[in-house]
Amino acid sequence: MNRNLDRVRNIGISAHIDSGKTTLTERILYYTQRIHAIHEVRGKDGVGATMDSMELEKERGITIQSAATYCTWKDHDINIIDTPGHVDFTIEVERALRVLDSAILILCSVGGVQSQTITVNRQMTRYGVPRIAFINKCDRTGANPYRVTDQIRDKLGLNPVLLQIPIGLEGDLEGVIDLITMKALYFDGDMGEIVREEEIPDHLREEADARHEELIDAASMFSDKLMEAALEGTPTPDMIRDAVRTGTISLDMVPVLVGSAYKNKGVQPLLNALIDYLAAPGDIDNKGLNLDNNEEEISLSSDPDDPLVSLAFKLEDGRYGQLTYIRIYSGTLKKGDTIFNSRTDRKCKVGRLVRMHSDEMEEIQEARAGDIVALFGIDCSSGDTFTATGVSVSMTSMHVPAPVISLAVVPVDNKAQVNMSKALNRFTKEDPTFKSHVDPETSETIISGMGELHLEVYIQRMHREYDAEIEVGAPQVAYRETITKRAEFNYTHKKQTGGSGQFGRVAGFIEPLEDGEYEFVDKIVGGSIPREFISSCDKGFKKCLQKGSMADFPVTGVRVIINDGSSHSVDSSDVAFQLAAVGAFKEGVSKAGPALLEPVMKVVVEGPSEFQGGVMGSLNQRRGLIVGTFEEGHYTVVEAEVPLSNMFGYSTVLRSLTQGKAEFTMEFAAYRQIPAGLADEVIQEAKKRRNP
Amino acid sequence: MTRDDFLQKNPLRILNLDADGKAVDQRMGLVIARAGLGKTAILVQIALDSLLRGKRVVHVSIGQNLDKTRTRYDDVYNDISKAYDFENGVTIRDEIMRNRMIMTFNESVFSVPRLEERLNDLIVQDIFRPDGLVIDDFDFTAADKKNLSEVHELAKETGLNVWFSAVCHRDDPRISENGVPAPCHETDDLFDTIVLLQLESRKTKAERPGNEKVIGLNILKDTIGGTDSSKILNLDPATLMIIRD
């Protein structure tokens with residue numbers, strides 16, 4: 001293991017579905033000699049790619065869980081997280097980006113910037129992750145890396161700079177021209193493992209010279225030394241590399257490389273670029289929260305000699321118990337150390353410390369700042385911070401979206417019940433967007449998540465990994481209740497049944513809150529409600545948010561303002577004011593035009609233009625609102641907002657409608673009001689479910 | 001303040017009335033200017049005026065992406081709703097979104113027949129029935145008069161209010177009798193209303209001494225409203241919002 005922090009790279013690989021992430025990772029592992037044979041994602045050998053370690057992933061040819069792996073290249077340690085491409089699993093992508101220092105954004109040279117590319121790019125921007133772009137699949141018919149580079153500029157708003165151009169395209173792809181060294185690179189051998197450097201072919205000389213000039217112009221913006229050298233006509237490759245590195249790490253430039261991972265072309269130069277231009281842990285200013293000082297943001301040092309601060313970002317159930325992936329931000333973690341979980345305030349001892357290579361592992365004695373490693377036998381949840389004893393730091397909390405879909409799961413027998421509990425316990429710890437609870441009225445176990453596929457994957461994992469036979473109910477949408485207008489309330493709670501009575505009067509008004517769930521405003525003057533009972537009112541209102549008056553769905557988007565009330569010196573109490581607030585809320589809501597809200601998804605369908613009319617029709621039939629379309633060549637993107645309840649089974653419909661040539665992604669957009677007629681149906685349905 | 005107050009005060013109202021002062025919603029309009037003077041901003045304000053009056057608008061954007069076009073609407077709407085302090089601003093924004101559809105095309109794939117096909121898809125399948133159509137950055141140098149006449153016919157048949165924007169160039173001196181610069185000088189007869197945006201110096205009033213550069217919105221032609229060409233509006237150079245002189 002390298003001791004120098006400058007020689008560590010923690011990178012993620014993100015892209016749209018099917019852009020070749022796993023295939024590229026497989027090549028990287030092969031060329032760095034971590035594996036000795038290449039298995040394709042949907043290969044005939046049936047082995048599957050090394051990074052797709054879960055059975056289901058191998059079967060479906062998609063990557064669900066991000067497997068962490070480690071390799072070395074030119075005396076640098078590289079930790080790679082292979083992230084999933086499907087939008088339903090973006091929490092995995094977000095978590096990976098949270099702990100990484102930089103990323104490779106893979107784009108398909110035919111599809112270019114697609115919907116999911118935009119999503120992952122936005123996530124990278126949110127976490128300030130420097131990136132390089134790799135335009136893959138240059139061997140495919142219709143490949144055009146120049147068009148994709150323009151799209152990176154226009155659609156992603158980045159500053160892409162080509163560091164290479166391809167030698168030939170589509171079936172004629174032979175290699176790449178390095179625009180820094182101005183050499184042609186060819187990839188010989190059965191697996192492209194021998195990189196042969198040649199002079200640039202004559203027919204590409206002129207274009208390469210022009211692109212080289214463009215590169216120097218763009219890079220010299222980040223280096224005065226390069227600018228001066230360029231004016232004198234003496235820029236060296238090292239000067240250009242330094243300038244590109246500066247621009248990349250400051251997020252002002254995205255170096256663009258080209259190739260075809262599947263055809264083994266352009267992967268080794270990408271590995272070189274990863275070392276040359278992507279950030280080392282010390283280049284990034286990582287922030288933590290100082291728990292001793294009102295969660296003030298502090299910079300973490302990346303110094304292995306400082307006290308330990310680390311983040312558990314992923315849990316997995318391994319053969320030997322819970323495996324916890326952690327990123328160390330500062331300090332050193334040694335086998336046998338006692339570490340402190342800042343969320344639970346508990347100490348624990350580091351038993352086994354391992355470096356992960358997909359589902360194989362390598363035992364190590366210590367890990368230092370900048371490293372990504374895994375621990376055994378530590379009981380924690382994803383997102384927990386581990387520190388040295390006496391350090392009061394927590395890592396910034398991650399953005400976790402709320403689940404939008406749920407369904408009931410019923411175990412078939414007692415054994416299945418036990419196994420299902422184990423599985424749910426594990427999954428909810430691993431994935432903060434996956435939740436489970438028991439419905440108190442129907443006693444059914446309800447699981448909730450970010451989409452149909454998200455839940456489907458967990459249901460299959462229960463079968464396969466935990467042998468839990470379960471029956472699954474129909475998916476249920478997470479409806480909400482709200483109000484549509486301002487209304488006043490003035491409610492008195494009075495009870496006099498012998499003994500000490502109860503008395504409290506609460507008055508004020510309730511109004512829609514446009515951006516938020518609930519807000520309580522205290523405008524009481526003159527002590528009409530004593531100070532000690534103000535929080536009781538708030539508590540009472542909050543209780544009412546759990547179940548609305550229309551169909552017992554949670555209430556959201558409500559601001560409650562109290563401005564008057566009265567109390568009794570003996571009979572007023574915390575309970576009396578809570579009950580008065582409950583009555584006041586009910587009175588207010590009944591007059592404030594209560595309405596039902598439903599989750600609406602942003603749906604993006606991409607496919608050949610000839611199907612545009614049909615696609616729009618299919619979305620329209622699902623109560624979809626077509627936001628817009630984008631046509632480019634023979635390719636069209638339709639963006640719409642569609643109620644989640646109408647999206648069940650859409651993948652089948654789209655497949656038959658477009659002969660399987662279109663694909664769609666969806667993510668939660670907002671809660672919107674349900675039309676009155678449909679609201680009645682939803683209410684009746686909810687009542688029936690509760691009282692079958 | 002309500003949206004009706006805004007609609008009454010909107011300086012654009014002078015483009016929306018006929019000679020008798022009645023509201024008119026069917027016409028072919030053109031906004032022409034050199035690059036960077038605010039053509040898109042004017043089209044978005046024309047579209048928003050319609051949207052706020054409950055009309056449905058298709059915005060066709062050539063060479064721009066969906067997000068950028070949407071952001072233009074959000075920005076202009078936010079400026080208006082802040083300036084006029086709309087009650088229930090979020091509800092109005094949602095309503096605008098429901099009544100607006102954005103179609104974006106890469107320059108190389110856009111053609112009038114393709115646009116007609118797309119509009120037909122929307123209307124026949126009852127997905128979206130527009131009352132208005134704005135076409136931003138239409139390439140008049142590449143379009144023939146026949147194609148434009150077809151749009152004109154389509155507008156008449158369907159009662160659509162259609163507005164185009166076009167770029168003119170400093171180094172092209174050609175001009176029509178009505179003062180319409182190239183590349184629209186030979187097709188100006190197809191339009192009912194033509195607005196030219198120009199950077200102008202003006203002698204200003206006492207509170208704004210000296211010469212000041214403003215973007216003037218000159219009405220070159222208005223066969224429906226018969227608007228007096230002396231009625232000139234200006235664009236606020238900072239926000240590109242239309243203001244009265």
# chains A, B, ... in the order shown; residues from 1 in each chain; ligands from 1

$ interface_residues --of "chain B" --to "chain A" --cutoff "7 Å" --atoms "only C-alpha atoms" --output "list in words"
Asn65, Leu66, Arg98, Met101, Ile102, Met103, Thr104, Phe105, Asn106, Val109, Asp121, Gln125 and Ile127 of chain B

$ write_last_selection --atoms "N, CA, C and O atoms" --output "PDB file, in the first residue's frame"
ATOM      1  N   ASN B  65     -31.985  24.154 -25.563  1.00  0.00           N
ATOM      2  CA  ASN B  65     -32.501  22.954 -24.916  1.00  0.00           C
ATOM      3  C   ASN B  65     -33.697  23.272 -24.020  1.00  0.00           C
ATOM      4  O   ASN B  65     -33.997  24.442 -23.753  1.00  0.00           O
ATOM      5  N   LEU B  66     -34.340  22.209 -23.596  1.00  0.00           N
ATOM      6  CA  LEU B  66     -35.593  22.329 -22.842  1.00  0.00           C
ATOM      7  C   LEU B  66     -35.405  23.110 -21.540  1.00  0.00           C
ATOM      8  O   LEU B  66     -36.184  24.008 -21.209  1.00  0.00           O
ATOM      9  N   ARG B  98     -49.154  24.007 -16.826  1.00  0.00           N
ATOM     10  CA  ARG B  98     -50.129  23.118 -17.455  1.00  0.00           C
ATOM     11  C   ARG B  98     -50.507  23.590 -18.853  1.00  0.00           C
ATOM     12  O   ARG B  98     -50.825  22.803 -19.712  1.00  0.00           O
ATOM     13  N   MET B 101     -46.441  24.237 -23.451  1.00  0.00           N
ATOM     14  CA  MET B 101     -45.641  23.081 -23.863  1.00  0.00           C
ATOM     15  C   MET B 101     -44.442  23.587 -24.652  1.00  0.00           C
ATOM     16  O   MET B 101     -44.578  24.478 -25.485  1.00  0.00           O
ATOM     17  N   ILE B 102     -43.287  23.023 -24.360  1.00  0.00           N
ATOM     18  CA  ILE B 102     -42.072  23.473 -25.037  1.00  0.00           C
ATOM     19  C   ILE B 102     -41.622  22.387 -26.010  1.00  0.00           C
ATOM     20  O   ILE B 102     -41.489  21.222 -25.629  1.00  0.00           O
ATOM     21  N   MET B 103     -41.413  22.785 -27.255  1.00  0.00           N
ATOM     22  CA  MET B 103     -40.857  21.832 -28.235  1.00  0.00           C
ATOM     23  C   MET B 103     -39.502  22.373 -28.638  1.00  0.00           C
ATOM     24  O   MET B 103     -39.420  23.511 -29.107  1.00  0.00           O
ATOM     25  N   THR B 104     -38.462  21.594 -28.434  1.00  0.00           N
ATOM     26  CA  THR B 104     -37.151  22.076 -28.864  1.00  0.00           C
ATOM     27  C   THR B 104     -36.634  21.181 -29.975  1.00  0.00           C
ATOM     28  O   THR B 104     -36.865  19.967 -29.976  1.00  0.00           O
ATOM     29  N   PHE B 105     -35.960  21.803 -30.917  1.00  0.00           N
ATOM     30  CA  PHE B 105     -35.422  21.066 -32.062  1.00  0.00           C
ATOM     31  C   PHE B 105     -33.960  21.445 -32.249  1.00  0.00           C
ATOM     32  O   PHE B 105     -33.599  22.610 -32.097  1.00  0.00           O
ATOM     33  N   ASN B 106     -33.183  20.476 -32.600  1.00  0.00           N
ATOM     34  CA  ASN B 106     -31.839  20.770 -33.067  1.00  0.00           C
ATOM     35  C   ASN B 106     -31.985  21.503 -34.408  1.00  0.00           C
ATOM     36  O   ASN B 106     -32.874  21.162 -35.186  1.00  0.00           O
ATOM     37  N   VAL B 109     -32.630  19.490 -37.637  1.00  0.00           N
ATOM     38  CA  VAL B 109     -33.820  18.658 -37.869  1.00  0.00           C
ATOM     39  C   VAL B 109     -35.102  19.473 -38.013  1.00  0.00           C
ATOM     40  O   VAL B 109     -36.130  18.949 -38.391  1.00  0.00           O
ATOM     41  N   ASP B 121     -50.052  15.861 -34.307  1.00  0.00           N
ATOM     42  CA  ASP B 121     -50.020  14.792 -33.296  1.00  0.00           C
ATOM     43  C   ASP B 121     -50.722  15.254 -32.017  1.00  0.00           C
ATOM     44  O   ASP B 121     -51.514  14.528 -31.424  1.00  0.00           O
ATOM     45  N   GLN B 125     -54.601  13.745 -31.273  1.00  0.00           N
ATOM     46  CA  GLN B 125     -54.705  12.841 -30.114  1.00  0.00           C
ATOM     47  C   GLN B 125     -55.281  13.545 -28.884  1.00  0.00           C
ATOM     48  O   GLN B 125     -55.325  12.971 -27.811  1.00  0.00           O
ATOM     49  N   ILE B 127     -53.950  15.798 -27.086  1.00  0.00           N
ATOM     50  CA  ILE B 127     -52.961  15.903 -26.013  1.00  0.00           C
ATOM     51  C   ILE B 127     -52.857  17.357 -25.569  1.00  0.00           C
ATOM     52  O   ILE B 127     -52.796  17.662 -24.373  1.00  0.00           O
TER      53      ILE B 127
END

$ atom_distance --atom1 "atom CA of Asn10 of chain B" --atom2 "atom CA of Val57 of chain B"
18.2 Å

$ select_by_dssp --residues "segment 418-576 of chain A" --states "strand (DSSP E)" --output "ChimeraX atom specification"
/A:435-438,445-449,470-472,476-477,480-483,487-495,502-512,518-522,558-566

$ residues_around --residues "Ser573 of chain A" --least-positions-apart "4" --cutoff "12 Å" --atoms "only C-alpha atoms" --output "list of chain:residue names"
A:His493, A:Lys494, A:Lys495, A:Ser500, A:Gly501, A:Gln502, A:Phe503, A:Gly504, A:Arg505, A:Ile529, A:Pro530, A:Arg531, A:Glu532, A:Phe533, A:Ile534, A:Ser535, A:Ser536, A:Cys537, A:Ser566, A:Ser567, A:His568, A:Ser569, A:Phe577, A:Gln578, A:Leu579, A:Ala580

$ write_last_selection --atoms "N, CA, C and O atoms" --output "mmCIF file, in the first residue's frame"
data_model
loop_
_atom_site.group_PDB
_atom_site.id
_atom_site.type_symbol
_atom_site.label_atom_id
_atom_site.label_comp_id
_atom_site.auth_asym_id
_atom_site.auth_seq_id
_atom_site.Cartn_x
_atom_site.Cartn_y
_atom_site.Cartn_z
ATOM 1 N N HIS A 493 -61.634 23.639 24.415
ATOM 2 C CA HIS A 493 -61.719 22.281 24.971
ATOM 3 C C HIS A 493 -62.057 22.412 26.455
ATOM 4 O O HIS A 493 -61.323 23.053 27.211
ATOM 5 N N LYS A 494 -63.175 21.820 26.833
ATOM 6 C CA LYS A 494 -63.629 21.957 28.217
ATOM 7 C C LYS A 494 -64.130 20.607 28.693
ATOM 8 O O LYS A 494 -64.906 19.950 27.988
ATOM 9 N N LYS A 495 -63.661 20.164 29.845
ATOM 10 C CA LYS A 495 -64.129 18.878 30.362
ATOM 11 C C LYS A 495 -64.274 19.014 31.872
ATOM 12 O O LYS A 495 -63.319 19.427 32.552
ATOM 13 N N SER A 500 -60.139 17.184 38.842
ATOM 14 C CA SER A 500 -59.645 18.383 38.157
ATOM 15 C C SER A 500 -60.107 18.340 36.703
ATOM 16 O O SER A 500 -60.072 17.292 36.055
ATOM 17 N N GLY A 501 -60.571 19.468 36.227
ATOM 18 C CA GLY A 501 -61.120 19.534 34.873
ATOM 19 C C GLY A 501 -60.044 19.848 33.850
ATOM 20 O O GLY A 501 -58.855 19.918 34.169
ATOM 21 N N GLN A 502 -60.485 20.011 32.594
ATOM 22 C CA GLN A 502 -59.560 20.413 31.524
ATOM 23 C C GLN A 502 -60.146 21.620 30.824
ATOM 24 O O GLN A 502 -61.328 21.630 30.469
ATOM 25 N N PHE A 503 -59.290 22.633 30.600
ATOM 26 C CA PHE A 503 -59.770 23.803 29.888
ATOM 27 C C PHE A 503 -58.647 24.419 29.040
ATOM 28 O O PHE A 503 -57.515 24.571 29.490
ATOM 29 N N GLY A 504 -58.994 24.741 27.805
ATOM 30 C CA GLY A 504 -58.040 25.464 26.935
ATOM 31 C C GLY A 504 -58.788 25.968 25.717
ATOM 32 O O GLY A 504 -59.609 25.251 25.148
ATOM 33 N N ARG A 505 -58.534 27.243 25.363
ATOM 34 C CA ARG A 505 -59.147 27.768 24.127
ATOM 35 C C ARG A 505 -58.018 28.225 23.210
ATOM 36 O O ARG A 505 -57.077 28.914 23.626
ATOM 37 N N ILE A 529 -52.721 32.867 25.997
ATOM 38 C CA ILE A 529 -52.336 31.471 26.271
ATOM 39 C C ILE A 529 -50.984 31.558 26.997
ATOM 40 O O ILE A 529 -50.032 32.130 26.448
ATOM 41 N N PRO A 530 -50.903 31.044 28.215
ATOM 42 C CA PRO A 530 -49.626 31.140 28.948
ATOM 43 C C PRO A 530 -48.476 30.502 28.165
ATOM 44 O O PRO A 530 -48.675 29.509 27.459
ATOM 45 N N ARG A 531 -47.276 31.080 28.302
ATOM 46 C CA ARG A 531 -46.093 30.632 27.546
ATOM 47 C C ARG A 531 -45.891 29.124 27.626
ATOM 48 O O ARG A 531 -45.535 28.471 26.662
ATOM 49 N N GLU A 532 -46.101 28.579 28.835
ATOM 50 C CA GLU A 532 -45.786 27.156 29.009
ATOM 51 C C GLU A 532 -46.693 26.239 28.193
ATOM 52 O O GLU A 532 -46.390 25.063 28.025
ATOM 53 N N PHE A 533 -47.819 26.801 27.694
ATOM 54 C CA PHE A 533 -48.734 25.953 26.925
ATOM 55 C C PHE A 533 -48.629 26.168 25.409
ATOM 56 O O PHE A 533 -49.346 25.522 24.642
ATOM 57 N N ILE A 534 -47.743 27.074 24.985
ATOM 58 C CA ILE A 534 -47.587 27.319 23.538
ATOM 59 C C ILE A 534 -47.067 26.041 22.854
ATOM 60 O O ILE A 534 -47.565 25.613 21.825
ATOM 61 N N SER A 535 -46.051 25.427 23.501
ATOM 62 C CA SER A 535 -45.500 24.210 22.886
ATOM 63 C C SER A 535 -46.522 23.069 22.910
ATOM 64 O O SER A 535 -46.488 22.180 22.063
ATOM 65 N N SER A 536 -47.454 23.111 23.873
ATOM 66 C CA SER A 536 -48.511 22.088 23.904
ATOM 67 C C SER A 536 -49.398 22.222 22.669
ATOM 68 O O SER A 536 -49.817 21.222 22.075
ATOM 69 N N CYS A 537 -49.675 23.481 22.281
ATOM 70 C CA CYS A 537 -50.489 23.713 21.082
ATOM 71 C C CYS A 537 -49.762 23.130 19.868
ATOM 72 O O CYS A 537 -50.354 22.422 19.050
ATOM 73 N N SER A 566 -57.575 31.294 25.584
ATOM 74 C CA SER A 566 -57.755 31.601 27.001
ATOM 75 C C SER A 566 -57.456 30.360 27.841
ATOM 76 O O SER A 566 -57.442 29.237 27.319
ATOM 77 N N SER A 567 -57.187 30.622 29.088
ATOM 78 C CA SER A 567 -56.790 29.508 29.958
ATOM 79 C C SER A 567 -57.506 29.631 31.300
ATOM 80 O O SER A 567 -58.144 30.652 31.600
ATOM 81 N N HIS A 568 -57.366 28.611 32.107
ATOM 82 C CA HIS A 568 -57.967 28.612 33.441
ATOM 83 C C HIS A 568 -56.852 28.311 34.432
ATOM 84 O O HIS A 568 -56.022 27.435 34.186
ATOM 85 N N SER A 569 -56.862 29.039 35.531
ATOM 86 C CA SER A 569 -55.732 28.923 36.457
ATOM 87 C C SER A 569 -55.579 27.516 37.024
ATOM 88 O O SER A 569 -54.483 27.074 37.344
ATOM 89 N N PHE A 577 -54.381 21.797 26.474
ATOM 90 C CA PHE A 577 -54.068 22.612 25.303
ATOM 91 C C PHE A 577 -53.742 21.768 24.072
ATOM 92 O O PHE A 577 -54.025 22.170 22.951
ATOM 93 N N GLN A 578 -53.151 20.604 24.315
ATOM 94 C CA GLN A 578 -52.928 19.714 23.161
ATOM 95 C C GLN A 578 -54.264 19.317 22.539
ATOM 96 O O GLN A 578 -54.449 19.355 21.324
ATOM 97 N N LEU A 579 -55.243 18.967 23.428
ATOM 98 C CA LEU A 579 -56.559 18.558 22.918
ATOM 99 C C LEU A 579 -57.291 19.734 22.267
ATOM 100 O O LEU A 579 -57.978 19.573 21.255
ATOM 101 N N ALA A 580 -57.091 20.922 22.828
ATOM 102 C CA ALA A 580 -57.717 22.113 22.238
ATOM 103 C C ALA A 580 -57.140 22.347 20.840
ATOM 104 O O ALA A 580 -57.862 22.692 19.898
#

$ residues_around --residues "Asp49 of chain B" --least-positions-apart "4" --cutoff "9 Å" --atoms "only C-alpha atoms" --output "number ranges by chain"
B: 7, 10, 12-13, 44-45, 53-55

$ residues_around --residues "segment 457-461 of chain A" --least-positions-apart "4" --cutoff "9 Å" --atoms "only C-alpha atoms" --output "PDB file with C-alpha atoms, in the first residue's frame"
ATOM      1  CA  LEU A  56     -29.625 -10.629  -9.482  1.00  0.00           C
ATOM      2  CA  ILE A  64     -27.629  -2.495  -8.418  1.00  0.00           C
ATOM      3  CA  VAL A 409     -45.628  -7.963   1.946  1.00  0.00           C
ATOM      4  CA  ALA A 423     -33.956  -9.109   5.554  1.00  0.00           C
ATOM      5  CA  LEU A 424     -35.926  -5.942   6.273  1.00  0.00           C
ATOM      6  CA  PHE A 427     -32.138  -3.530   3.925  1.00  0.00           C
ATOM      7  CA  PHE A 434     -36.036   1.930   1.684  1.00  0.00           C
ATOM      8  CA  GLU A 452     -41.443  -0.055  -8.690  1.00  0.00           C
ATOM      9  CA  LEU A 453     -38.057  -1.500  -9.656  1.00  0.00           C
ATOM     10  CA  GLU A 465     -30.607 -14.140  -0.058  1.00  0.00           C
ATOM     11  CA  TYR A 466     -32.921 -14.777   2.898  1.00  0.00           C
ATOM     12  CA  ASP A 467     -35.131 -17.580   1.567  1.00  0.00           C
ATOM     13  CA  ALA A 468     -38.208 -15.607   2.625  1.00  0.00           C
ATOM     14  CA  ILE A 470     -43.634 -13.782   0.629  1.00  0.00           C
ATOM     15  CA  VAL A 472     -46.862  -9.194  -2.419  1.00  0.00           C
TER      16      VAL A 472
END
